[in-house]
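Pasting data-v8.tsv here (TSV, C-alpha atoms and all ligand atoms):
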```
chain	number	residue	atom	x	y	z
A	11	MET	CA	0.00	0.00	0.00
A	12	ASN	CA	1.28	3.48	-0.84
A	13	LYS	CA	1.78	5.81	2.05
A	14	LEU	CA	1.87	9.56	2.51
A	15	LYS	CA	3.76	10.99	5.48
A	16	VAL	CA	2.53	14.38	6.64
A	17	LEU	CA	3.87	16.72	9.31
A	18	HIS	CA	1.24	19.06	10.73
A	19	MET	CA	3.09	21.86	12.51
A	20	TYR	CA	1.61	23.85	15.42
A	21	ALA	CA	-1.84	22.25	15.07
A	22	ASP	CA	-2.64	23.47	18.61
A	23	LEU	CA	-1.83	27.11	17.83
A	24	LEU	CA	-2.43	27.66	14.12
A	25	ASP	CA	-5.98	26.45	13.46
A	26	LEU	CA	-8.17	29.37	12.46
A	27	TYR	CA	-11.53	28.73	10.76
A	28	GLY	CA	-11.08	24.97	10.76
A	29	ASP	CA	-7.71	24.92	8.97
A	30	GLY	CA	-6.99	21.59	10.66
A	31	GLY	CA	-9.81	20.19	8.51
A	32	ASN	CA	-7.42	20.23	5.56
A	33	MET	CA	-5.71	17.23	7.15
A	34	GLU	CA	-9.03	15.36	7.40
A	35	ILE	CA	-9.71	15.97	3.71
A	36	LEU	CA	-6.25	14.74	2.71
A	37	LYS	CA	-6.67	11.63	4.84
A	38	TYR	CA	-10.13	10.95	3.37
A	39	ARG	CA	-9.10	11.44	-0.26
A	40	CYS	CA	-6.06	9.22	0.26
A	41	LYS	CA	-8.11	6.49	1.96
A	42	MET	CA	-10.58	6.42	-0.95
A	43	ARG	CA	-7.61	5.58	-3.21
A	44	GLY	CA	-6.19	2.93	-0.89
A	45	VAL	CA	-3.36	5.23	0.19
A	46	GLU	CA	-2.43	5.36	3.86
A	47	CYS	CA	-1.95	8.90	5.19
A	48	GLU	CA	0.02	9.16	8.40
A	49	ILE	CA	-0.11	12.55	10.08
A	50	ASP	CA	2.47	13.45	12.75
A	51	ARG	CA	2.27	16.61	14.78
A	52	TYR	CA	4.98	19.00	15.82
A	53	SER	CA	4.58	21.94	18.17
A	54	THR	CA	6.66	24.28	20.30
A	55	ASN	CA	9.37	22.58	22.33
A	56	SER	CA	8.87	19.16	20.76
A	57	GLU	CA	11.94	17.31	19.59
A	58	ILE	CA	13.02	18.68	16.18
A	59	PRO	CA	11.92	16.09	13.62
A	60	ASP	CA	13.64	15.00	10.42
A	61	PHE	CA	11.66	17.28	8.11
A	62	SER	CA	13.07	15.59	5.00
A	63	SER	CA	11.48	12.29	6.00
A	64	TYR	CA	8.03	13.72	5.26
A	65	ASP	CA	6.17	14.07	1.96
A	66	LEU	CA	4.23	17.13	3.09
A	67	ILE	CA	4.66	19.83	5.73
A	68	TYR	CA	1.52	21.74	6.67
A	69	LEU	CA	0.94	24.94	8.67
A	70	GLY	CA	-2.48	26.52	9.23
A	71	GLY	CA	-3.30	30.14	10.00
A	72	GLY	CA	-3.18	32.02	13.27
A	73	ALA	CA	-3.68	35.48	14.66
A	74	ASP	CA	-0.76	37.83	15.42
A	75	LEU	CA	-0.46	36.54	18.98
A	76	GLU	CA	-0.10	32.89	17.94
A	77	GLN	CA	2.36	33.88	15.26
A	78	GLN	CA	4.48	35.59	17.92
A	79	HIS	CA	4.22	32.50	20.15
A	80	ILE	CA	5.61	30.15	17.56
A	81	SER	CA	8.12	32.42	15.80
A	82	GLU	CA	11.17	31.59	17.93
A	83	ASP	CA	10.46	27.88	17.77
A	84	LEU	CA	9.89	28.04	14.02
A	85	GLN	CA	13.35	29.58	13.55
A	86	LYS	CA	14.85	26.51	15.24
A	87	CYS	CA	13.27	24.44	12.48
A	88	ARG	CA	14.50	26.69	9.68
A	89	ASP	CA	17.45	24.64	8.41
A	90	GLY	CA	15.53	21.37	8.51
A	91	ILE	CA	12.55	22.84	6.67
A	92	ALA	CA	14.76	24.58	4.09
A	93	LYS	CA	16.58	21.31	3.39
A	94	ALA	CA	13.29	19.42	3.03
A	95	TYR	CA	11.88	22.07	0.68
A	96	LYS	CA	15.00	21.93	-1.50
A	97	LYS	CA	14.66	18.16	-1.69
A	98	GLY	CA	11.10	18.64	-2.99
A	99	VAL	CA	9.01	18.02	0.13
A	100	PHE	CA	5.65	19.73	-0.41
A	101	LEU	CA	4.87	22.83	1.70
A	102	PHE	CA	1.20	23.69	2.21
A	103	LEU	CA	0.78	26.96	4.12
A	104	ILE	CA	-2.31	28.89	5.16
A	105	CYS	CA	-2.49	32.59	6.05
A	106	GLY	CA	-0.39	33.09	9.22
A	107	GLY	CA	1.73	30.11	8.15
A	108	TYR	CA	2.07	31.57	4.65
A	109	GLN	CA	3.27	34.90	6.07
A	110	LEU	CA	5.95	33.31	8.27
A	111	PHE	CA	7.70	31.60	5.35
A	112	GLY	CA	8.48	35.00	3.80
A	113	LYS	CA	11.02	37.56	5.00
A	114	TYR	CA	8.94	39.00	7.83
A	115	TYR	CA	5.51	39.88	9.16
A	116	LYS	CA	5.00	43.34	10.67
A	117	ASP	CA	1.78	43.50	12.70
A	118	ALA	CA	-0.61	46.45	13.12
A	119	ASP	CA	1.37	47.72	16.16
A	120	GLY	CA	4.63	47.67	14.21
A	121	ASN	CA	6.04	44.53	15.89
A	122	LYS	CA	8.20	42.70	13.39
A	123	ILE	CA	8.22	38.91	13.42
A	124	LYS	CA	11.13	37.39	11.56
A	125	GLY	CA	10.06	34.93	8.89
A	126	LEU	CA	11.94	31.87	7.68
A	127	GLY	CA	12.98	33.80	4.57
A	128	LEU	CA	12.50	30.78	2.31
A	129	PHE	CA	10.66	33.04	-0.11
A	130	ASP	CA	11.13	36.69	-1.13
A	131	TYR	CA	7.77	38.08	-0.12
A	132	TYR	CA	7.10	40.08	3.05
A	133	THR	CA	3.93	41.11	4.89
A	134	VAL	CA	2.96	44.33	6.60
A	135	ALA	CA	-0.39	44.65	8.39
A	136	GLU	CA	-2.66	47.62	7.89
A	137	PRO	CA	-2.07	49.93	10.90
A	138	ASP	CA	-5.84	50.37	11.16
A	139	ARG	CA	-7.02	47.08	12.68
A	140	LYS	CA	-10.49	47.59	11.23
A	141	LYS	CA	-9.12	47.51	7.68
A	142	ARG	CA	-8.94	43.78	7.12
A	143	CYS	CA	-9.44	41.66	4.01
A	144	ILE	CA	-12.41	39.58	5.08
A	145	GLY	CA	-14.81	37.46	3.07
A	146	ASN	CA	-15.21	34.82	0.42
A	147	ILE	CA	-12.66	34.70	-2.35
A	148	ILE	CA	-12.33	33.10	-5.78
A	149	VAL	CA	-8.93	32.69	-7.40
A	150	LYS	CA	-8.30	31.49	-10.96
A	151	ALA	CA	-5.22	29.29	-11.01
A	152	GLU	CA	-3.43	27.05	-13.44
A	153	ILE	CA	-2.66	23.75	-11.77
A	154	SER	CA	-1.05	20.94	-13.80
A	155	GLY	CA	-2.07	22.70	-17.02
A	156	ASN	CA	-5.72	22.97	-15.98
A	157	GLU	CA	-7.39	26.27	-15.19
A	158	ILE	CA	-9.33	25.94	-11.94
A	159	ASP	CA	-11.31	28.23	-9.67
A	160	ILE	CA	-10.10	27.96	-6.09
A	161	LEU	CA	-12.68	28.99	-3.48
A	162	GLY	CA	-12.02	30.05	0.06
A	163	PHE	CA	-12.54	32.48	2.86
A	164	GLU	CA	-9.93	35.12	3.74
A	165	ASN	CA	-9.45	37.13	6.90
A	166	HIS	CA	-6.15	38.95	7.20
A	167	GLY	CA	-4.81	42.38	8.02
A	168	GLY	CA	-1.43	41.48	6.50
A	169	GLN	CA	-0.61	42.85	3.08
A	170	THR	CA	1.77	40.49	1.34
A	171	LYS	CA	4.08	42.07	-1.22
A	172	GLY	CA	6.96	40.91	-3.40
A	173	VAL	CA	5.28	37.68	-4.54
A	174	LYS	CA	6.88	36.68	-7.84
A	175	THR	CA	4.88	33.50	-8.48
A	176	PRO	CA	1.34	33.87	-7.12
A	177	LEU	CA	-1.12	30.99	-6.83
A	178	GLY	CA	-3.59	32.70	-9.14
A	179	LYS	CA	-5.60	35.72	-10.22
A	180	VAL	CA	-8.28	37.14	-7.95
A	181	VAL	CA	-11.76	36.87	-9.50
A	182	TYR	CA	-13.59	37.86	-6.33
A	183	GLY	CA	-12.21	39.10	-2.99
A	184	HIS	CA	-8.91	40.71	-2.03
A	185	GLY	CA	-5.97	38.32	-2.25
A	186	ASN	CA	-2.43	39.17	-1.16
A	187	CYS	CA	-3.29	42.81	-0.44
A	188	THR	CA	-6.47	44.89	-0.31
A	189	ASN	CA	-8.07	44.67	-3.79
A	190	SER	CA	-5.08	42.79	-5.08
A	191	SER	CA	-4.97	41.27	-8.55
A	192	HIS	CA	-3.25	38.12	-7.29
A	193	GLU	CA	-3.43	35.71	-4.39
A	194	GLY	CA	-1.03	33.32	-2.67
A	195	TYR	CA	2.32	31.90	-3.62
A	196	PHE	CA	2.98	28.91	-5.86
A	197	GLU	CA	5.81	26.62	-6.84
A	198	LYS	CA	5.40	23.02	-7.92
A	199	ASN	CA	6.03	21.90	-4.33
A	200	VAL	CA	4.61	24.95	-2.53
A	201	ILE	CA	1.05	26.20	-2.13
A	202	ALA	CA	0.72	29.16	0.21
A	203	THR	CA	-2.62	30.90	0.41
A	204	TYR	CA	-4.82	33.16	2.49
A	205	MET	CA	-7.71	30.73	2.01
A	206	HIS	CA	-9.16	29.28	5.17
A	207	GLY	CA	-12.37	27.59	5.60
A	208	CYS	CA	-11.12	24.86	5.15
A	209	CYS	CA	-9.48	25.22	1.79
A	210	LEU	CA	-9.25	21.59	0.68
A	211	SER	CA	-12.88	20.65	1.38
A	212	LYS	CA	-13.95	23.30	-1.11
A	213	ASN	CA	-11.30	22.47	-3.69
A	214	PRO	CA	-10.98	18.77	-4.53
A	215	GLU	CA	-8.67	19.49	-7.48
A	216	LEU	CA	-6.22	21.24	-5.19
A	217	SER	CA	-6.26	18.31	-2.75
A	218	ASP	CA	-5.60	15.87	-5.57
A	219	TYR	CA	-2.78	17.99	-6.97
A	220	ILE	CA	-1.03	17.80	-3.59
A	221	ILE	CA	-1.63	14.05	-3.19
A	222	THR	CA	-0.51	13.32	-6.77
A	223	TYR	CA	2.67	15.38	-6.38
A	224	CYS	CA	3.59	13.71	-3.07
A	225	LEU	CA	2.89	10.16	-4.25
A	226	ALA	CA	4.72	10.61	-7.55
A	227	ARG	CA	7.77	11.98	-5.76
A	228	SER	CA	7.68	9.20	-3.19
A	229	ILE	CA	7.38	6.28	-5.63
A	230	GLY	CA	9.39	7.91	-8.41
A	231	LYS	CA	6.90	7.55	-11.24
A	232	LYS	CA	3.81	9.23	-12.70
A	233	VAL	CA	0.61	8.84	-10.68
A	234	LYS	CA	-2.97	9.03	-11.90
A	235	LEU	CA	-5.45	9.07	-9.04
A	236	ALA	CA	-8.76	7.29	-9.43
A	237	PRO	CA	-11.55	9.89	-9.72
A	238	LEU	CA	-13.86	10.28	-6.72
A	239	ASP	CA	-17.53	11.18	-6.66
A	240	ASP	CA	-17.25	14.93	-6.00
A	241	SER	CA	-20.79	15.75	-7.15
A	242	LEU	CA	-21.79	17.29	-3.80
A	243	GLU	CA	-18.61	19.38	-3.66
A	244	LYS	CA	-19.18	20.51	-7.25
A	245	LYS	CA	-22.77	21.53	-6.50
A	246	CYS	CA	-21.71	23.52	-3.42
A	247	ARG	CA	-18.93	25.21	-5.36
A	248	GLN	CA	-21.30	26.23	-8.16
A	249	ILE	CA	-23.75	27.76	-5.67
A	250	MET	CA	-20.95	29.80	-4.12
A	251	ILE	CA	-19.48	30.87	-7.48
A	252	ASP	CA	-22.94	31.96	-8.70
A	253	ARG	CA	-23.64	33.82	-5.47
A	254	LEU	CA	-20.40	35.79	-5.74
A	255	THR	CA	-20.20	36.46	-9.44
A	256	LYS	CA	-23.78	36.82	-10.72
A	301	LIG	N1	-2.24	37.67	11.78
A	301	LIG	C1	-2.27	37.62	10.40
A	301	LIG	C2	-3.06	38.74	9.73
A	301	LIG	O1	-4.01	39.25	10.29
A	301	LIG	C3	-2.77	36.26	9.96
A	301	LIG	C4	-4.20	35.98	10.28
A	301	LIG	C5	-4.67	34.65	9.83
A	301	LIG	O2	-3.95	33.65	9.81
A	301	LIG	N2	-5.95	34.62	9.50
A	301	LIG	O3	-2.74	39.10	8.65
```
Translate this file's structure into structure tokens.
Amino acid sequence: MNKLKVLHMYADLLDLYGDGGNMEILKYRCKMRGVECEIDRYSTNSEIPDFSSYDLIYLGGGADLEQQHISEDLQKCRDGIAKAYKKGVFLFLICGGYQLFGKYYKDADGNKIKGLGLFDYYTVAEPDRKKRCIGNIIVKAEISGNEIDILGFENHGGQTKGVKTPLGKVVYGHGNCTNSSHEGYFEKNVIATYMHGCCLSKNPELSDYIITYCLARSIGKKVKLAPLDDSLEKKCRQIMIDRLTK
């Protein structure tokens, strides 16, 4: 049986709007294909794991306070995560997690949290706490040569700038900054996004992209996942797309 090894970092601190649900979706979609999905957890002051032994590293979102709590610990993991990323381990990062993989995050009070600096972008929060990017969002992305609409819910004060390879174009909502044209960050083994809610339950194609990438890398050959019955997900997505765009 094929197996996917996942490391869920700071599950106890970074879990806004059900971000932890992304792990449930991955597990479910793997199980339906006869793939075992083992999810380990890492949090502050745990023993530093061998990041390169995982297929996927996942961080959810968190408010400024939680980001401050984990920042020192996250720096201790920097070299291990950077090595894993360079080897092709998949990084899936939501909101607060997304921000902390860039150069820095400066919160509304001007406190600067050092990021891992794996990517060139940086994030500065609106000084006015009331000015947040909140609401449903649709992003048009090209994943494995297919154009897909990614749906989610965003809630961030942070304005992320300097993104060279965004996840996609904003069709509805804000994205990386207030009224931004683009959202998220993308590389073949990185998806970083402001989409909570939880992102994978609303976007089966995104889930399957991640699973396909991880399995193919692990077994060293092309993978074609068996299709699942996503009719309910498709119906829900259409209702939301119509509500936002018509
Ligand atoms: N604290 C960050 C911001 O407001 C991230 C919030 C989040 O993860 N939703 O921009």
Need to verify the contact set: A:Lys15, 9 Å, only C-alpha atoms, exclusion of same-chain residues closer than 2 positions in sequence. Can you return it as an mmCIF file with C-alpha atoms, in the frame of the given file?
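That gives us out37.cif:
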```cif
data_model
loop_
_atom_site.group_PDB
_atom_site.id
_atom_site.type_symbol
_atom_site.label_atom_id
_atom_site.label_comp_id
_atom_site.auth_asym_id
_atom_site.auth_seq_id
_atom_site.Cartn_x
_atom_site.Cartn_y
_atom_site.Cartn_z
ATOM 1 C CA LYS A 13 1.780 5.810 2.050
ATOM 2 C CA LEU A 17 3.870 16.720 9.310
ATOM 3 C CA GLU A 46 -2.430 5.360 3.860
ATOM 4 C CA CYS A 47 -1.950 8.900 5.190
ATOM 5 C CA GLU A 48 0.020 9.160 8.400
ATOM 6 C CA ILE A 49 -0.110 12.550 10.080
ATOM 7 C CA ASP A 50 2.470 13.450 12.750
ATOM 8 C CA SER A 63 11.480 12.290 6.000
ATOM 9 C CA TYR A 64 8.030 13.720 5.260
ATOM 10 C CA ASP A 65 6.170 14.070 1.960
ATOM 11 C CA LEU A 66 4.230 17.130 3.090
ATOM 12 C CA ILE A 67 4.660 19.830 5.730
ATOM 13 C CA CYS A 224 3.590 13.710 -3.070
#
```
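Put simply, atom CA of A:Arg139 is 14.1 Å away from atom O2 of ligand LIG 301 (chain A).
Between A:Asp74 and the residues A:Ile58, A:Ile91, A:Leu110, A:Val99, the shortest atom-to-atom distance, using only C-alpha atoms, involves A:Leu110.
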Within 10 Å of ligand LIG 301 (chain A), which residues of chain A come that close, and what is the closest atom pair and distance in Å for each? Count all atoms listed in the file and give it as a Markdown table.
```
| residue | atom | partner | partner_atom | distance |
| --- | --- | --- | --- | --- |
| A:Leu24 | CA | A:LIG301 | O2 | 7.5 |
| A:Asp25 | CA | A:LIG301 | O2 | 8.3 |
| A:Leu26 | CA | A:LIG301 | N2 | 6.4 |
| A:Tyr27 | CA | A:LIG301 | N2 | 8.2 |
| A:Asp29 | CA | A:LIG301 | O2 | 9.5 |
| A:Gly70 | CA | A:LIG301 | O2 | 7.3 |
| A:Gly71 | CA | A:LIG301 | O2 | 3.6 |
| A:Gly72 | CA | A:LIG301 | O2 | 3.9 |
| A:Ala73 | CA | A:LIG301 | N1 | 3.9 |
| A:Asp74 | CA | A:LIG301 | N1 | 3.9 |
| A:Leu75 | CA | A:LIG301 | N1 | 7.5 |
| A:Glu76 | CA | A:LIG301 | N1 | 8.1 |
| A:Gln77 | CA | A:LIG301 | N1 | 6.9 |
| A:Gln78 | CA | A:LIG301 | N1 | 9.3 |
| A:Leu103 | CA | A:LIG301 | O2 | 10.0 |
| A:Ile104 | CA | A:LIG301 | O2 | 6.9 |
| A:Cys105 | CA | A:LIG301 | O2 | 4.2 |
| A:Gly106 | CA | A:LIG301 | O2 | 3.7 |
| A:Gly107 | CA | A:LIG301 | O2 | 6.9 |
| A:Tyr108 | CA | A:LIG301 | O2 | 8.2 |
| A:Gln109 | CA | A:LIG301 | C3 | 7.3 |
| A:Leu110 | CA | A:LIG301 | C3 | 9.4 |
| A:Tyr115 | CA | A:LIG301 | C1 | 8.2 |
| A:Lys116 | CA | A:LIG301 | O3 | 9.1 |
| A:Asp117 | CA | A:LIG301 | N1 | 7.1 |
| A:Ala118 | CA | A:LIG301 | O1 | 8.5 |
| A:Thr133 | CA | A:LIG301 | O3 | 7.9 |
| A:Val134 | CA | A:LIG301 | O3 | 8.0 |
| A:Ala135 | CA | A:LIG301 | O3 | 6.0 |
| A:Glu136 | CA | A:LIG301 | O3 | 8.6 |
| A:Arg139 | CA | A:LIG301 | O1 | 8.7 |
| A:Arg142 | CA | A:LIG301 | O1 | 7.4 |
| A:Cys143 | CA | A:LIG301 | O3 | 8.5 |
| A:Ile144 | CA | A:LIG301 | N2 | 9.3 |
| A:Phe163 | CA | A:LIG301 | N2 | 9.6 |
| A:Glu164 | CA | A:LIG301 | N2 | 7.0 |
| A:Asn165 | CA | A:LIG301 | N2 | 5.0 |
| A:His166 | CA | A:LIG301 | O3 | 3.7 |
| A:Gly167 | CA | A:LIG301 | O3 | 3.9 |
| A:Gly168 | CA | A:LIG301 | O3 | 3.5 |
| A:Gln169 | CA | A:LIG301 | O3 | 7.0 |
| A:Thr170 | CA | A:LIG301 | O3 | 8.7 |
| A:Asn186 | CA | A:LIG301 | O3 | 9.8 |
| A:Cys187 | CA | A:LIG301 | O3 | 9.8 |
| A:Thr203 | CA | A:LIG301 | O2 | 9.9 |
| A:Tyr204 | CA | A:LIG301 | N2 | 7.2 |
| A:Met205 | CA | A:LIG301 | N2 | 8.6 |
| A:His206 | CA | A:LIG301 | N2 | 7.6 |
```
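Each of A:Lys231, A:Ile147, A:Lys93, A:Ile123 was compared to A:Asn189 using only C-alpha atoms, and A:Ile147 turns out to be the nearest.
Taking atom CA of A:Met42 and atom CA of A:Ser62 as endpoints, the distance between them is 26.1 Å.
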Next on the checklist: Give me, as a ChimeraX atom specification, all polymer residues having an atom no more than 12 Å from A:Asp218, counting all atoms listed in the file and skipping those fewer than 5 positions away in the same chain.
Outcome noted: /A:35-40,42-43,153-154,210-211,213,223-226,233-238,240
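Reported to one decimal place, the separation of atom CA of A:Lys141 from atom CA of A:Phe102 is 26.5 Å.
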Checklist outcome for this item: If you count all atoms listed in the file, the residue of A:His18, A:Lys198, A:Arg51, A:His79 closest to A:Tyr95 turns out to be A:Lys198
Next on the checklist: Can you tell me which residues surround A:Tyr182 at a distance of at most 9 Å, considering all atoms listed in the file, apart from same-chain residues fewer than 5 positions away, and format the answer as an NGL selection string?
Outcome noted: :A and (146-149 or 254-255)
Next on the checklist: Could you check which residues have any atom within 12 Å of (14.0, 29.1, 15.0), counting only C-alpha atoms with coordinates taken straight from the file, and then list them as a ChimeraX atom specification?
Outcome noted: /A:54-55,58,78-92,110-111,123-127
Checklist entry - Counting only C-alpha atoms, what is within 10 Å of A:Thr175, bar same-chain residues fewer than 5 positions away, as number ranges by chain? => result A: 131, 192-197
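All protein, DNA and RNA residues at most 6 Å from (-4.3, 39.5, -10.7) are Lys179, Val180, Ser191 and His192 of chain A, using only C-alpha atoms.
Considering the residues A:Lys97, A:Lys150, A:Lys122, A:Lys140 and counting only C-alpha atoms, A:Leu216 has its shortest atom-to-atom contact with A:Lys150.
Among the candidate residues A:Val200, A:Ile229, A:Ala151, A:Val173, the one lying nearest to A:Ala94 is A:Val200, with distances computed using all atoms listed in the file.
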